[in-house]
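Undergrad: structure-v5.tsv is the file, holding TSV, C-alpha atoms:
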chain	number	residue	atom	x	y	z
A	1	MET	CA	0.00	0.00	0.00
A	2	GLY	CA	0.98	3.61	-0.22
A	3	LYS	CA	2.83	6.18	1.73
A	4	ALA	CA	-0.29	8.17	2.71
A	5	GLY	CA	-1.38	5.56	5.25
A	6	ARG	CA	2.07	5.09	6.79
A	7	VAL	CA	2.47	8.83	7.20
A	8	LEU	CA	-1.06	9.18	8.58
A	9	LYS	CA	-0.41	6.57	11.27
A	10	MET	CA	2.85	8.26	12.25
A	11	VAL	CA	1.26	11.71	12.50
A	12	LEU	CA	-1.77	10.48	14.46
A	13	GLU	CA	0.54	8.81	16.98
A	14	GLN	CA	3.00	11.70	17.15
A	15	TYR	CA	0.30	14.30	17.79
A	16	ASN	CA	-1.91	12.02	19.91
A	17	ILE	CA	-4.90	12.36	17.57
A	18	SER	CA	-7.36	9.48	17.68
A	19	GLN	CA	-8.72	7.85	14.57
A	20	ILE	CA	-12.20	8.66	15.90
A	21	LYS	CA	-11.40	12.37	16.18
A	22	LEU	CA	-10.05	12.48	12.63
A	23	ALA	CA	-13.02	10.47	11.32
A	24	ASP	CA	-15.45	12.88	13.01
A	25	GLN	CA	-13.65	15.88	11.53
A	26	LEU	CA	-13.72	14.27	8.07
A	27	GLY	CA	-17.32	13.13	8.39
A	28	VAL	CA	-16.42	9.49	7.68
A	29	GLY	CA	-16.57	6.28	9.68
A	30	ARG	CA	-13.65	5.39	11.92
A	31	SER	CA	-13.25	2.19	9.93
A	32	ASN	CA	-12.16	4.27	6.92
A	33	VAL	CA	-9.44	6.00	8.93
A	34	TYR	CA	-8.39	2.62	10.35
A	35	ARG	CA	-8.06	1.17	6.83
A	36	TRP	CA	-5.93	4.10	5.68
A	37	ALA	CA	-3.69	4.17	8.77
A	38	ASN	CA	-3.16	0.41	8.68
A	39	GLU	CA	-2.56	0.34	4.93
A	40	VAL	CA	-5.56	-1.85	4.15
A	41	ARG	CA	-6.75	0.75	1.63
A	42	ASP	CA	-5.11	3.84	0.19
A	43	PRO	CA	-6.95	7.16	0.46
A	44	THR	CA	-7.70	8.86	-2.85
A	45	SER	CA	-5.86	12.04	-3.73
A	46	GLU	CA	-9.01	14.01	-2.87
A	47	THR	CA	-9.11	12.27	0.50
A	48	VAL	CA	-5.46	13.13	1.18
A	49	ILE	CA	-6.37	16.79	0.69
A	50	ALA	CA	-9.35	16.36	3.02
A	51	ILE	CA	-7.10	14.67	5.61
A	52	ILE	CA	-4.70	17.62	5.52
A	53	GLN	CA	-7.60	20.06	5.94
A	54	ALA	CA	-9.12	18.04	8.80
A	55	LEU	CA	-5.78	17.70	10.56
A	56	GLY	CA	-5.35	21.46	10.16
A	57	GLU	CA	-8.57	22.05	12.05
A	58	ILE	CA	-7.51	19.64	14.81
A	59	ASN	CA	-3.84	20.63	15.02
A	60	PRO	CA	-2.14	22.81	12.40
A	61	ASP	CA	1.27	21.36	13.30
A	62	ALA	CA	-0.01	17.83	12.59
A	63	ALA	CA	-1.31	18.96	9.19
A	64	ALA	CA	2.04	20.56	8.35
A	65	GLU	CA	3.90	17.41	9.43
A	66	TYR	CA	1.60	15.16	7.38
A	67	ARG	CA	2.05	17.35	4.31
A	68	LYS	CA	5.84	17.49	4.78
A	69	LEU	CA	6.24	13.73	5.28
A	70	TYR	CA	3.81	12.84	2.49
A	71	MET	CA	5.51	15.11	-0.01
A	72	SER	CA	9.12	14.32	0.92
A	73	PRO	CA	11.18	11.62	-0.77
A	74	ASP	CA	11.19	8.35	1.18
A	75	SER	CA	14.86	8.74	2.04
A	76	GLU	CA	14.01	11.87	4.06
A	77	THR	CA	11.25	10.18	6.07
A	78	GLY	CA	13.18	7.03	6.83
A	79	MET	CA	10.51	4.95	5.10
A	80	GLU	CA	11.01	2.23	2.57
A	81	SER	CA	9.55	2.89	-0.85
A	82	ASP	CA	6.60	0.86	-2.16
Now, as a test, write the supplied structure out as structure tokens.
TA:
Amino acid sequence: MGKAGRVLKMVLEQYNISQIKLADQLGVGRSNVYRWANEVRDPTSETVIAIIQALGEINPDAAAEYRKLYMSPDSETGMESD
């Protein structure tokens, strides 16, 4: 699966944001956030934008970190490439 889910899980843990809180902010079920964060399903590009916006409303620093990690080359995040 893709980088969006790995980065999402890292940011949620780092900023102590629950999947439920993010799901509520996005207006989706928690199971969707679970699937993204655990790399069961990749979020669409539109959903990645919505995640950044929702994180920004919860914690602007978390949104900035998600955007930075998602957009950076894998070598900068310490993640293996797909």
Undergrad: Tell me which protein, DNA and RNA residues are within 12 Å of Ala50 in chain A, counting all atoms listed in the file, leaving out same-chain ones fewer than 4 positions away, and put them as a PyMOL selection string.
TA: chain A and resi 22-23+25-28+33+43-46+54-57+63+66-67
Undergrad: CA of Asp42 in chain A and CA of Gly2 in chain A, how far apart in Å?
TA: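 Separating CA of Gly2 in chain A from CA of Asp42 in chain A is a distance of 6.1 Å.
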Undergrad: Name all residues at most 6 Å from Lys9 in chain A (count all atoms listed in the file; drop same-chain ones fewer than 3 positions away) and give them as a ChimeraX atom specification.
TA: /A:6,12,37
Undergrad: Using all atoms listed in the file, find the one residue out of A:Val40, A:Ala64, A:Val48, A:Ile20 that sits nearest to Ala4 in chain A.
TA: A:Val48
Undergrad: Closest to Arg35 in chain A among A:Ile49, A:Met71, A:Ile17, A:Leu8, using all atoms listed in the file?
TA: A:Leu8
Undergrad: Can you measure CA of Gln53 in chain A to CA of Pro73 in chain A for me? One decimal in Å is fine.
TA: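 Calculated distance between CA of Gln53 in chain A and CA of Pro73 in chain A is 21.7 Å.
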Undergrad: Show me the residues around (1.0, 13.6, 12.6) - criterion: an atom at most 6 Å away, only C-alpha atoms counted - as a list in words.
TA: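 Neighbouring residues, ordered by chain and number, come to Met10, Val11, Leu12, Gln14, Tyr15, Ala62, Glu65 and Tyr66 of chain A.
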Undergrad: Could you take the residues named above and write them with C-alpha atoms, as an mmCIF file, in the frame of the given file?
TA:
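Output below, filename out.cif:
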data_model
loop_
_atom_site.group_PDB
_atom_site.id
_atom_site.type_symbol
_atom_site.label_atom_id
_atom_site.label_comp_id
_atom_site.auth_asym_id
_atom_site.auth_seq_id
_atom_site.Cartn_x
_atom_site.Cartn_y
_atom_site.Cartn_z
ATOM 1 C CA MET A 10 2.850 8.260 12.250
ATOM 2 C CA VAL A 11 1.260 11.710 12.500
ATOM 3 C CA LEU A 12 -1.770 10.480 14.460
ATOM 4 C CA GLN A 14 3.000 11.700 17.150
ATOM 5 C CA TYR A 15 0.300 14.300 17.790
ATOM 6 C CA ALA A 62 -0.010 17.830 12.590
ATOM 7 C CA GLU A 65 3.900 17.410 9.430
ATOM 8 C CA TYR A 66 1.600 15.160 7.380
#
Undergrad: One number please: CA of Ser18 in chain A to CA of Tyr34 in chain A, in Å, one decimal.
TA: 10.1 Å
